[in-house]
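Novice: File my_file.cif follows (mmCIF, C-alpha atoms and all ligand atoms):
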data_my_file
#
loop_
_atom_site.label_atom_id
_atom_site.label_comp_id
_atom_site.auth_asym_id
_atom_site.auth_seq_id
_atom_site.Cartn_x
_atom_site.Cartn_y
_atom_site.Cartn_z
CA MET A 901 -18.77 -6.31 -1.58
CA ARG A 902 -17.16 -9.73 -1.87
CA GLY A 903 -17.51 -11.82 1.28
CA LEU A 904 -17.78 -8.89 3.67
CA THR A 905 -19.75 -9.80 6.81
CA CYS A 906 -21.73 -7.33 8.90
CA SER A 907 -19.16 -7.28 11.73
CA SER A 908 -16.23 -6.84 9.32
CA PHE A 909 -18.17 -4.04 7.64
CA TYR A 910 -18.42 -2.17 10.96
CA ALA A 911 -14.74 -2.88 11.64
CA LEU A 912 -13.98 -1.38 8.23
CA ILE A 913 -16.05 1.73 9.00
CA LYS A 914 -14.18 2.15 12.32
CA PHE A 915 -10.85 1.62 10.56
CA ARG A 916 -11.79 4.03 7.78
CA THR A 917 -12.72 6.66 10.35
CA ALA A 918 -9.22 6.33 11.83
CA LEU A 919 -7.74 6.42 8.35
CA PHE A 920 -9.43 9.70 7.49
CA SER A 921 -8.75 11.34 10.84
CA GLU A 922 -5.66 13.38 11.67
CA VAL A 923 -3.55 10.26 11.83
CA LYS A 924 -1.30 10.19 8.77
CA SER A 925 0.44 6.90 9.30
CA ILE A 926 -1.15 3.83 10.85
CA MET A 927 0.42 0.44 11.34
CA ALA A 928 -2.23 -1.84 9.94
CA SER A 929 -2.84 -5.28 11.38
CA ASN A 930 -3.32 -8.27 9.11
CA ALA A 931 -7.06 -8.12 9.80
CA GLN A 932 -7.17 -4.47 8.73
CA LEU A 933 -5.18 -5.22 5.57
CA LYS A 934 -7.64 -8.04 4.85
CA LEU A 935 -10.51 -5.57 5.25
CA LEU A 936 -8.84 -3.09 2.93
CA THR A 937 -8.26 -5.91 0.43
CA ASP A 938 -11.98 -6.78 0.59
CA PHE A 939 -12.92 -3.12 0.34
CA LEU A 940 -10.62 -2.60 -2.67
CA ASN A 941 -12.33 -5.55 -4.35
CA ILE A 942 -9.83 -6.27 -7.14
CA PRO A 943 -9.58 -10.02 -7.89
CA ASP A 944 -6.23 -11.70 -7.07
CA VAL A 945 -4.83 -8.52 -5.51
CA LYS A 946 -4.03 -7.95 -1.84
CA VAL A 947 -3.24 -4.79 0.09
CA THR A 948 0.13 -5.09 1.82
CA HIS A 949 0.57 -1.58 3.23
CA PHE A 950 -0.99 1.83 3.17
CA LYS A 951 -0.10 5.41 3.93
CA GLN A 952 -1.61 8.85 3.60
CA GLU A 953 0.32 11.50 1.69
CA PRO A 954 -1.23 14.93 2.34
CA SER A 955 -0.38 16.19 -1.16
CA LEU A 956 -1.63 13.04 -2.93
CA GLY A 957 -4.18 11.13 -0.87
CA ILE A 958 -4.35 7.49 0.15
CA ILE A 959 -1.66 5.18 -1.19
CA LEU A 960 -2.39 1.46 -0.99
CA SER A 961 0.52 -0.83 -1.73
CA VAL A 962 -0.81 -3.88 -3.51
CA SER A 963 0.62 -7.09 -4.91
CA SER A 964 -0.67 -10.02 -6.91
CA LEU A 965 -1.81 -13.24 -5.25
CA ASN A 966 -0.74 -15.20 -8.32
CA SER A 967 2.71 -16.72 -8.03
CA GLU A 968 2.76 -17.75 -11.70
CA VAL A 969 2.38 -15.58 -14.80
CA THR A 970 1.67 -16.92 -18.29
CA CYS A 971 4.36 -16.11 -20.85
CA PRO A 972 2.78 -14.10 -23.72
CA HIS A 973 5.31 -15.57 -26.18
CA CYS A 974 4.99 -19.33 -25.63
CA GLY A 975 2.03 -19.70 -23.23
CA GLN A 976 4.09 -21.47 -20.56
CA LYS A 977 3.47 -20.52 -16.93
CA SER A 978 6.49 -18.93 -15.28
CA HIS A 979 7.26 -18.14 -11.66
CA LYS A 980 10.83 -16.97 -12.19
CA LEU A 981 11.13 -13.35 -11.10
CA HIS A 982 13.53 -11.28 -13.20
CA HIS A 983 12.96 -7.82 -11.77
CA ASN A 984 10.54 -5.87 -9.55
CA TYR A 985 9.43 -2.33 -10.15
CA SER A 986 6.67 -0.27 -8.68
CA HIS A 987 4.49 2.48 -10.05
CA LEU A 988 1.43 4.45 -8.98
CA ILE A 989 -1.96 3.80 -10.53
CA LYS A 990 -4.87 6.09 -9.76
CA ASP A 991 -8.03 4.32 -8.60
CA LEU A 992 -11.54 5.40 -7.63
CA PRO A 993 -11.56 8.10 -4.92
CA MET A 994 -12.62 7.25 -1.35
CA ASN A 995 -14.42 9.76 0.88
CA GLY A 996 -13.39 12.56 -1.47
CA GLN A 997 -9.72 11.65 -1.28
CA ASN A 998 -7.59 10.46 -4.16
CA VAL A 999 -6.59 6.82 -4.00
CA TYR A 1000 -3.44 5.50 -5.63
CA LEU A 1001 -2.37 1.89 -5.90
CA GLN A 1002 1.35 1.39 -5.52
CA VAL A 1003 1.70 -1.70 -7.65
CA ASN A 1004 4.61 -4.07 -7.43
CA LYS A 1005 4.73 -5.01 -11.10
CA ARG A 1006 6.88 -8.03 -11.76
CA GLN A 1007 9.14 -8.56 -14.73
CA MET A 1008 9.27 -12.32 -15.28
CA LYS A 1009 11.71 -14.52 -17.15
CA CYS A 1010 10.19 -17.45 -19.00
CA GLU A 1011 11.96 -20.67 -18.12
CA ASN A 1012 10.84 -22.20 -21.44
CA CYS A 1013 11.67 -19.59 -24.12
CA LEU A 1014 13.95 -17.43 -21.90
CA THR A 1015 12.29 -14.14 -22.85
CA THR A 1016 11.48 -11.53 -20.24
CA PHE A 1017 8.03 -9.99 -20.00
CA SER A 1018 5.99 -7.75 -17.71
CA GLU A 1019 3.19 -9.17 -15.63
CA PRO A 1020 -0.10 -7.94 -17.13
CA LEU A 1021 -2.53 -6.24 -14.74
CA ASP A 1022 -6.18 -7.17 -15.32
CA PHE A 1023 -7.40 -3.99 -13.64
CA CYS A 1024 -5.26 -1.59 -15.71
CA GLU A 1025 -4.65 -1.21 -19.44
CA LYS A 1026 -1.05 -1.55 -20.58
CA LYS A 1027 0.99 1.66 -20.15
CA ARG A 1028 -1.84 3.44 -18.33
CA ASN A 1029 -1.57 5.01 -14.87
CA TYR A 1030 -5.25 4.66 -13.94
CA THR A 1031 -7.49 1.67 -13.34
CA LYS A 1032 -10.05 0.47 -15.86
CA ARG A 1033 -12.81 1.05 -13.33
CA LEU A 1034 -11.75 4.68 -12.78
CA ALA A 1035 -11.86 5.27 -16.56
CA SER A 1036 -15.25 3.58 -16.71
CA ASP A 1037 -16.57 5.64 -13.78
CA ILE A 1038 -15.39 8.90 -15.34
CA LEU A 1039 -16.99 8.00 -18.68
CA SER A 1040 -20.22 7.18 -16.89
CA GLN A 1041 -20.16 10.53 -15.05
CA VAL A 1042 -19.40 12.42 -18.27
CA LYS A 1043 -22.49 10.90 -19.88
CA HIS A 1044 -24.62 12.55 -17.20
CA SER A 1045 -22.62 15.73 -16.72
CA ASN A 1046 -19.89 17.74 -18.40
CA ILE A 1047 -16.14 17.15 -18.41
CA LYS A 1048 -15.25 20.10 -16.12
CA SER A 1049 -17.60 19.12 -13.31
CA VAL A 1050 -16.37 15.51 -13.49
CA ALA A 1051 -12.72 16.63 -13.39
CA ASP A 1052 -13.52 18.79 -10.35
CA ARG A 1053 -15.35 15.91 -8.64
CA VAL A 1054 -12.53 13.37 -9.03
CA ALA A 1055 -9.84 16.03 -8.38
CA TRP A 1056 -7.90 14.76 -11.36
CA ARG A 1057 -4.24 15.66 -11.31
CA GLN A 1058 -1.05 13.78 -11.95
CA PRO A 1059 1.15 12.75 -9.01
ZN ZN A 1101 7.93 -18.27 -22.91
#
Reformat the file's structure so that it appears as structure tokens.

Specialist:
Amino acid sequence: MRGLTCSSFYALIKFRTALFSEVKSIMASNAQLKLLTDFLNIPDVKVTHFKQEPSLGIILSVSSLNSEVTCPHCGQKSHKLHHNYSHLIKDLPMNGQNVYLQVNKRQMKCENCLTTFSEPLDFCEKKRNYTKRLASDILSQVKHSNIKSVADRVAWRQP
């Protein structure tokens, strides 16, 4: 776990216990969001909010720490936001509960060539609604099991 000290680890355990208790909605402090960001461990991504949906699982709202995005057409860095949209991406489960990332995916407008483009997400393939690491984890489990038991274990279903 990146940069997680012993005391912050115990704070995370305490926080996670509260998260998985009967409490469905918790106002997280900045320190708790920092812990969740460390626990999530996706480079250049921070957790900004979270909630628990009984029918879905844990939903972590995340956003990029990068203010600039490289234009895929001309290679120029752009920080001009054209449009925001959010979507859910399934991530690795936590404590047997489904985890979804509510991603604020930015549509940028290049100030050089004036084209608009979507911000690429390093942790998710284009047009996919699951993280690369979830796909990798499932493939790894399938190698040592069968597809039905893996599907049961990760409780795979679409939101
Ligand atoms: Zn451009």

Novice: Quick one: which chain A residues come within 10 Å of ligand ZN 1101 (chain A), and what is the nearest atom pair for each with the distance in Å to one decimal, counting only C-alpha atoms and all ligand atoms, rows ordered by chain and ascending number, as JSON lines?

Specialist:
{"residue": "A:Thr970", "atom": "CA", "partner": "A:ZN1101", "partner_atom": "ZN", "distance": 7.9}
{"residue": "A:Cys971", "atom": "CA", "partner": "A:ZN1101", "partner_atom": "ZN", "distance": 4.7}
{"residue": "A:Pro972", "atom": "CA", "partner": "A:ZN1101", "partner_atom": "ZN", "distance": 6.7}
{"residue": "A:His973", "atom": "CA", "partner": "A:ZN1101", "partner_atom": "ZN", "distance": 5.0}
{"residue": "A:Cys974", "atom": "CA", "partner": "A:ZN1101", "partner_atom": "ZN", "distance": 4.1}
{"residue": "A:Gly975", "atom": "CA", "partner": "A:ZN1101", "partner_atom": "ZN", "distance": 6.1}
{"residue": "A:Gln976", "atom": "CA", "partner": "A:ZN1101", "partner_atom": "ZN", "distance": 5.5}
{"residue": "A:Lys977", "atom": "CA", "partner": "A:ZN1101", "partner_atom": "ZN", "distance": 7.8}
{"residue": "A:Ser978", "atom": "CA", "partner": "A:ZN1101", "partner_atom": "ZN", "distance": 7.8}
{"residue": "A:Met1008", "atom": "CA", "partner": "A:ZN1101", "partner_atom": "ZN", "distance": 9.8}
{"residue": "A:Lys1009", "atom": "CA", "partner": "A:ZN1101", "partner_atom": "ZN", "distance": 7.8}
{"residue": "A:Cys1010", "atom": "CA", "partner": "A:ZN1101", "partner_atom": "ZN", "distance": 4.6}
{"residue": "A:Glu1011", "atom": "CA", "partner": "A:ZN1101", "partner_atom": "ZN", "distance": 6.7}
{"residue": "A:Asn1012", "atom": "CA", "partner": "A:ZN1101", "partner_atom": "ZN", "distance": 5.1}
{"residue": "A:Cys1013", "atom": "CA", "partner": "A:ZN1101", "partner_atom": "ZN", "distance": 4.1}
{"residue": "A:Leu1014", "atom": "CA", "partner": "A:ZN1101", "partner_atom": "ZN", "distance": 6.2}
{"residue": "A:Thr1015", "atom": "CA", "partner": "A:ZN1101", "partner_atom": "ZN", "distance": 6.0}
{"residue": "A:Thr1016", "atom": "CA", "partner": "A:ZN1101", "partner_atom": "ZN", "distance": 8.1}
{"residue": "A:Phe1017", "atom": "CA", "partner": "A:ZN1101", "partner_atom": "ZN", "distance": 8.8}

Novice: Using only C-alpha atoms, which of the listed residues (A:Ile989, A:Lys980, A:Thr937, A:Val999) sits closest to A:Arg1028?

Specialist: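 That would be A:Ile989, the residue with the smallest distance to A:Arg1028.
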
Novice: Record the distance separating atom CA of A:Glu968 and atom CA of A:Lys1005, expressed in Å with one decimal.

Specialist: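 Between atom CA of A:Glu968 and atom CA of A:Lys1005 the gap works out to 12.9 Å.
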
Novice: With only C-alpha atoms as the atoms that count, which of A:Leu933, A:Ala1055, A:Val1003, A:Val1050 lies nearest to A:Cys1024?

Specialist: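 Of all the options, A:Val1003 lies closest to A:Cys1024.
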
Novice: I'd like the interatomic distance between atom CA of A:Ile959 and atom CA of A:Met994, to a tenth of an Å.

Specialist: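 Answer for the atom CA of A:Ile959 to atom CA of A:Met994 separation: 11.2 Å.
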
Novice: Set the distance at 10 Å and use all atoms listed in the file: which residues neighbour stretch 963-966 of chain A once local chain neighbours fewer than 2 positions away are removed? I'd like the list as a list in words.

Specialist: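 Using all atoms listed in the file, the neighbours found are Ile942, Pro943, Asp944, Val945, Lys946, Val947, Thr948, His949, Leu960, Ser961, Glu968, Val969, His979, Ser986, Leu1001, Gln1002, Val1003, Asn1004, Lys1005, Arg1006, Glu1019 and Leu1021 of chain A.
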
Novice: Tell me which residues come within 8 Å of (-9.5, 3.5, -13.5), as a ChimeraX atom specification, counting only C-alpha atoms in the file's coordinates.

Specialist: /A:990-992,1023-1024,1030-1037

Novice: Atom CA of A:His987 to atom CA of A:Ile958: how many Å, to one decimal?

Specialist: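 Separating atom CA of A:His987 from atom CA of A:Ile958 is a distance of 14.4 Å.
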
Novice: Using only C-alpha atoms, which residue out of A:Ser1018, A:Leu988, A:Leu1039, A:Ser967 lies closest to A:Ala1051?

Specialist: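 Ranking A:Ser1018, A:Leu988, A:Leu1039, A:Ser967 by distance to A:Ala1051, first place goes to A:Leu1039.
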
Novice: Stretch 1004-1014 of chain A, all listed atoms, 6 Å padding on each side: what axis-aligned box centre and edge lengths in Å to one decimal come out, as JSON?

Specialist:
{"center_x": 9.3, "center_y": -13.1, "center_z": -15.8, "size_x": 21.3, "size_y": 30.1, "size_z": 28.7}
